[in-house]
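Shown next: entry-v4.pdb, containing PDB, C-alpha atoms, pLDDT in the B column.
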ATOM      1  CA  MET G   1     129.578 246.005-123.222  1.00 86.00           C
ATOM      2  CA  ASN G   2     132.200 244.959-120.682  1.00 91.00           C
ATOM      3  CA  LYS G   3     130.519 244.080-117.371  1.00 94.00           C
ATOM      4  CA  LEU G   4     131.404 241.216-115.073  1.00 94.00           C
ATOM      5  CA  ILE G   5     129.524 239.866-112.053  1.00 95.00           C
ATOM      6  CA  LEU G   6     131.581 237.894-109.530  1.00 95.00           C
ATOM      7  CA  ILE G   7     130.713 236.248-106.234  1.00 95.00           C
ATOM      8  CA  GLY G   8     133.603 235.149-104.081  1.00 95.00           C
ATOM      9  CA  ASN G   9     135.592 235.582-100.889  1.00 95.00           C
ATOM     10  CA  LEU G  10     138.328 238.075-100.045  1.00 96.00           C
ATOM     11  CA  VAL G  11     141.795 236.519 -99.952  1.00 96.00           C
ATOM     12  CA  LYS G  12     143.064 239.117 -97.449  1.00 95.00           C
ATOM     13  CA  ASP G  13     141.989 242.430 -95.935  1.00 96.00           C
ATOM     14  CA  PRO G  14     141.512 245.317 -98.402  1.00 96.00           C
ATOM     15  CA  GLU G  15     144.393 247.767 -98.868  1.00 96.00           C
ATOM     16  CA  GLN G  16     143.342 251.410 -98.713  1.00 95.00           C
ATOM     17  CA  ARG G  17     145.235 254.354-100.145  1.00 94.00           C
ATOM     18  CA  THR G  18     144.630 257.916-101.241  1.00 92.00           C
ATOM     19  CA  THR G  19     145.799 259.226-104.620  1.00 91.00           C
ATOM     20  CA  ASP G  20     147.786 262.449-104.988  1.00 93.00           C
ATOM     21  CA  ASN G  21     144.487 264.124-105.927  1.00 92.00           C
ATOM     22  CA  GLY G  22     142.915 263.062-102.611  1.00 91.00           C
ATOM     23  CA  ILE G  23     140.711 260.299-104.048  1.00 93.00           C
ATOM     24  CA  GLN G  24     140.260 257.262-101.817  1.00 93.00           C
ATOM     25  CA  CYS G  25     140.909 253.840-103.307  1.00 95.00           C
ATOM     26  CA  SER G  26     140.615 250.331-101.923  1.00 97.00           C
ATOM     27  CA  THR G  27     142.009 247.183-103.552  1.00 96.00           C
ATOM     28  CA  PHE G  28     141.464 243.545-102.690  1.00 97.00           C
ATOM     29  CA  THR G  29     141.738 240.103-104.267  1.00 96.00           C
ATOM     30  CA  LEU G  30     138.609 238.020-104.748  1.00 95.00           C
ATOM     31  CA  ALA G  31     138.758 234.206-104.916  1.00 94.00           C
ATOM     32  CA  VAL G  32     135.984 232.779-107.114  1.00 92.00           C
ATOM     33  CA  ASN G  33     135.420 229.013-107.141  1.00 89.00           C
ATOM     34  CA  ARG G  34     134.559 227.318-110.438  1.00 85.00           C
ATOM     35  CA  ARG G  35     131.750 224.811-110.699  1.00 80.00           C
ATOM     36  CA  THR G  36     133.753 222.066-112.360  1.00 76.00           C
ATOM     37  CA  SER G  37     134.768 218.574-111.387  1.00 61.00           C
ATOM     38  CA  SER G  38     138.280 219.809-110.560  1.00 71.00           C
ATOM     39  CA  GLU G  39     136.942 222.624-108.306  1.00 74.00           C
ATOM     40  CA  SER G  40     139.598 225.154-109.286  1.00 88.00           C
ATOM     41  CA  THR G  41     139.670 228.783-108.138  1.00 90.00           C
ATOM     42  CA  ASP G  42     140.154 232.001-110.131  1.00 89.00           C
ATOM     43  CA  TYR G  43     141.557 235.161-108.555  1.00 91.00           C
ATOM     44  CA  PHE G  44     140.539 238.694-109.521  1.00 94.00           C
ATOM     45  CA  ARG G  45     142.108 241.962-108.380  1.00 94.00           C
ATOM     46  CA  VAL G  46     139.322 244.439-107.507  1.00 97.00           C
ATOM     47  CA  THR G  47     139.639 248.215-107.208  1.00 96.00           C
ATOM     48  CA  ALA G  48     136.900 250.315-105.620  1.00 97.00           C
ATOM     49  CA  TRP G  49     137.070 254.123-105.741  1.00 96.00           C
ATOM     50  CA  ARG G  50     135.839 257.028-103.626  1.00 95.00           C
ATOM     51  CA  GLN G  51     133.043 256.301-101.125  1.00 95.00           C
ATOM     52  CA  LEU G  52     132.680 252.687-102.271  1.00 96.00           C
ATOM     53  CA  GLY G  53     136.395 252.164-101.669  1.00 95.00           C
ATOM     54  CA  ALA G  54     136.169 253.697 -98.205  1.00 94.00           C
ATOM     55  CA  LEU G  55     133.223 251.440 -97.296  1.00 94.00           C
ATOM     56  CA  CYS G  56     135.070 248.351 -98.542  1.00 95.00           C
ATOM     57  CA  ALA G  57     138.149 249.231 -96.488  1.00 94.00           C
ATOM     58  CA  LYS G  58     136.027 249.853 -93.390  1.00 94.00           C
ATOM     59  CA  TYR G  59     133.706 246.853 -93.478  1.00 93.00           C
ATOM     60  CA  LEU G  60     135.398 244.088 -95.476  1.00 94.00           C
ATOM     61  CA  SER G  61     138.031 241.673 -94.233  1.00 94.00           C
ATOM     62  CA  LYS G  62     139.674 238.400 -95.207  1.00 95.00           C
ATOM     63  CA  GLY G  63     137.170 235.606 -95.880  1.00 94.00           C
ATOM     64  CA  ARG G  64     134.103 237.847 -96.300  1.00 95.00           C
ATOM     65  CA  LYS G  65     131.806 236.938 -99.221  1.00 96.00           C
ATOM     66  CA  VAL G  66     130.926 239.719-101.689  1.00 96.00           C
ATOM     67  CA  CYS G  67     129.323 240.237-105.079  1.00 97.00           C
ATOM     68  CA  VAL G  68     131.309 242.612-107.311  1.00 97.00           C
ATOM     69  CA  THR G  69     130.004 244.165-110.527  1.00 97.00           C
ATOM     70  CA  GLY G  70     132.091 246.149-113.011  1.00 97.00           C
ATOM     71  CA  PRO G  71     134.224 246.119-116.145  1.00 97.00           C
ATOM     72  CA  VAL G  72     137.162 243.705-116.306  1.00 94.00           C
ATOM     73  CA  SER G  73     140.568 244.057-117.934  1.00 94.00           C
ATOM     74  CA  CYS G  74     143.350 241.553-118.433  1.00 90.00           C
ATOM     75  CA  ASN G  75     146.903 242.718-117.809  1.00 88.00           C
ATOM     76  CA  VAL G  76     149.907 240.637-118.847  1.00 92.00           C
ATOM     77  CA  TYR G  77     153.207 241.063-117.005  1.00 89.00           C
ATOM     78  CA  GLN G  78     156.538 239.335-116.529  1.00 92.00           C
ATOM     79  CA  GLY G  79     157.284 238.074-113.023  1.00 90.00           C
ATOM     80  CA  TYR G  80     160.576 238.166-111.157  1.00 93.00           C
ATOM     81  CA  ASP G  81     161.105 234.565-112.201  1.00 94.00           C
ATOM     82  CA  GLY G  82     160.980 235.547-115.898  1.00 93.00           C
ATOM     83  CA  LYS G  83     157.635 233.837-116.533  1.00 94.00           C
ATOM     84  CA  THR G  84     154.703 235.639-118.151  1.00 94.00           C
ATOM     85  CA  TYR G  85     151.560 236.020-116.030  1.00 89.00           C
ATOM     86  CA  ALA G  86     148.079 237.433-116.583  1.00 87.00           C
ATOM     87  CA  SER G  87     146.051 239.362-114.024  1.00 85.00           C
ATOM     88  CA  MET G  88     142.283 239.865-114.205  1.00 86.00           C
ATOM     89  CA  GLU G  89     141.394 243.266-112.763  1.00 93.00           C
ATOM     90  CA  VAL G  90     137.898 244.570-112.045  1.00 96.00           C
ATOM     91  CA  ASN G  91     137.005 248.238-111.574  1.00 96.00           C
ATOM     92  CA  ALA G  92     134.151 247.860-109.064  1.00 97.00           C
ATOM     93  CA  GLU G  93     130.995 249.787-109.857  1.00 96.00           C
ATOM     94  CA  ASP G  94     129.055 247.985-107.128  1.00 96.00           C
ATOM     95  CA  VAL G  95     130.060 245.782-104.184  1.00 96.00           C
ATOM     96  CA  GLU G  96     127.370 243.935-102.273  1.00 95.00           C
ATOM     97  CA  PHE G  97     128.347 242.505 -98.895  1.00 94.00           C
ATOM     98  CA  LEU G  98     126.927 238.960 -98.734  1.00 93.00           C
ATOM     99  CA  SER G  99     128.251 237.527 -95.475  1.00 82.00           C
ATOM    100  CA  SER G 100     127.170 238.851 -92.108  1.00 73.00           C
ATOM    101  CA  ARG G 101     129.331 241.444 -90.407  1.00 64.00           C
ATOM    102  CA  PRO G 102     131.518 240.556 -87.435  1.00 59.00           C
ATOM    103  CA  ALA G 103     129.856 241.012 -84.033  1.00 51.00           C
ATOM    104  CA  GLU G 104     131.945 244.071 -83.119  1.00 52.00           C
ATOM    105  CA  HIS G 105     130.177 246.079 -85.870  1.00 47.00           C
ATOM    106  CA  ASP G 106     126.582 245.204 -84.889  1.00 44.00           C
ATOM    107  CA  ASP G 107     125.736 248.825 -84.136  1.00 43.00           C
ATOM    108  CA  GLU G 108     126.948 250.097 -87.532  1.00 46.00           C
ATOM    109  CA  ILE G 109     124.806 250.234 -90.672  1.00 41.00           C
ATOM    110  CA  VAL G 110     126.367 249.969 -94.147  1.00 44.00           C
ATOM    111  CA  ARG G 111     124.646 252.126 -96.780  1.00 41.00           C
TER     112      ARG G 111
END
Would you kindly transcribe this structure into structure tokens?
Amino acid sequence: MNKLILIGNLVKDPEQRTTDNGIQCSTFTLAVNRRTSSESTDYFRVTAWRQLGALCAKYLSKGRKVCVTGPVSCNVYQGYDGKTYASMEVNAEDVEFLSSRPAEHDDEIVR
């Protein structure tokens, strides 16, 4: 079984797009702090599809805390500088909004 649970903060606002087939998609980067003496941070690229993706794009923004659940994959690529990098990518099955919404959305309910 490949299922990861992450709790962290968005690095920047989600990017929303629609595929050629008309499916909505939202992507964002999640910063997850480690509980070690060095206090390092890991970054995960998260993709949310369809209605979940639309809700993420509408209600999430930079700095918001979320819990993401879903399978993870590791992609290796070569950067423009010639170095090899690895990217951890999560296909979100569930995104739980943990921090309170901004005041301008007080009349809206997320379901």
A straight line from atom CA of Thr27 of chain G to atom CA of Tyr85 of chain G spans 19.3 Å
Residues of segment 82-104 of chain G within 8 Å of segment 64-73 of chain G: nearest atom pair and distance (Å, one decimal) for each, counting all atoms listed in the file, sorted by chain and number, as a Markdown table?
| residue | atom | partner | partner_atom | distance |
| --- | --- | --- | --- | --- |
| G:Met88 | CA | G:Ser73 | CA | 5.9 |
| G:Glu89 | CA | G:Ser73 | CA | 5.3 |
| G:Val90 | CA | G:Val72 | CA | 4.4 |
| G:Asn91 | CA | G:Gly70 | CA | 5.5 |
| G:Ala92 | CA | G:Gly70 | CA | 4.8 |
| G:Glu93 | CA | G:Gly70 | CA | 4.9 |
| G:Asp94 | CA | G:Thr69 | CA | 5.2 |
| G:Val95 | CA | G:Val68 | CA | 4.6 |
| G:Glu96 | CA | G:Cys67 | CA | 5.0 |
| G:Phe97 | CA | G:Val66 | CA | 4.7 |
| G:Leu98 | CA | G:Val66 | CA | 5.0 |
| G:Ser99 | CA | G:Lys65 | CA | 5.2 |
For atom CA of Ala86 of chain G and atom CA of Arg50 of chain G, determine how far apart the two atoms are, in Å to one decimal place.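 For atom CA of Ala86 of chain G relative to atom CA of Arg50 of chain G, the distance reads 26.5 Å.
Run against this file, the PyMOL selection byres ((chain G and resi 18) around 12) gives back Glu15, Gln16, Arg17, Thr19, Asp20, Asn21, Gly22, Ile23, Gln24, Cys25, Ser26, Thr27, Ala48, Trp49, Arg50, Gln51, Gly53, Ala54 and Ala57 of chain G.
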Nearest to Arg34 of chain G, chosen from G:Thr47, G:Ser61, G:Leu6, G:Cys56, with all atoms listed in the file counted in the distances: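 Closest residue, counting all atoms listed in the file: G:Leu6.
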What does the distance between atom CA of Thr29 of chain G and atom CA of Arg45 of chain G come to in Å, to one decimal place?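 Interatomic distance here is 4.5 Å.
Residue selection for this entry, given the PyMOL selection byres ((chain G and resi 33) around 12), comprises Leu6, Ile7, Gly8, Asn9, Leu10, Leu30, Ala31, Val32, Arg34, Arg35, Thr36, Ser37, Ser38, Glu39, Ser40, Thr41, Asp42, Tyr43, Phe44 and Lys65 of chain G.
Using all atoms listed in the file for every distance, the candidate list G:Tyr77, G:Ile5, G:Asp13, G:Ser87 yields G:Asp13 as the residue closest to Tyr59 of chain G.
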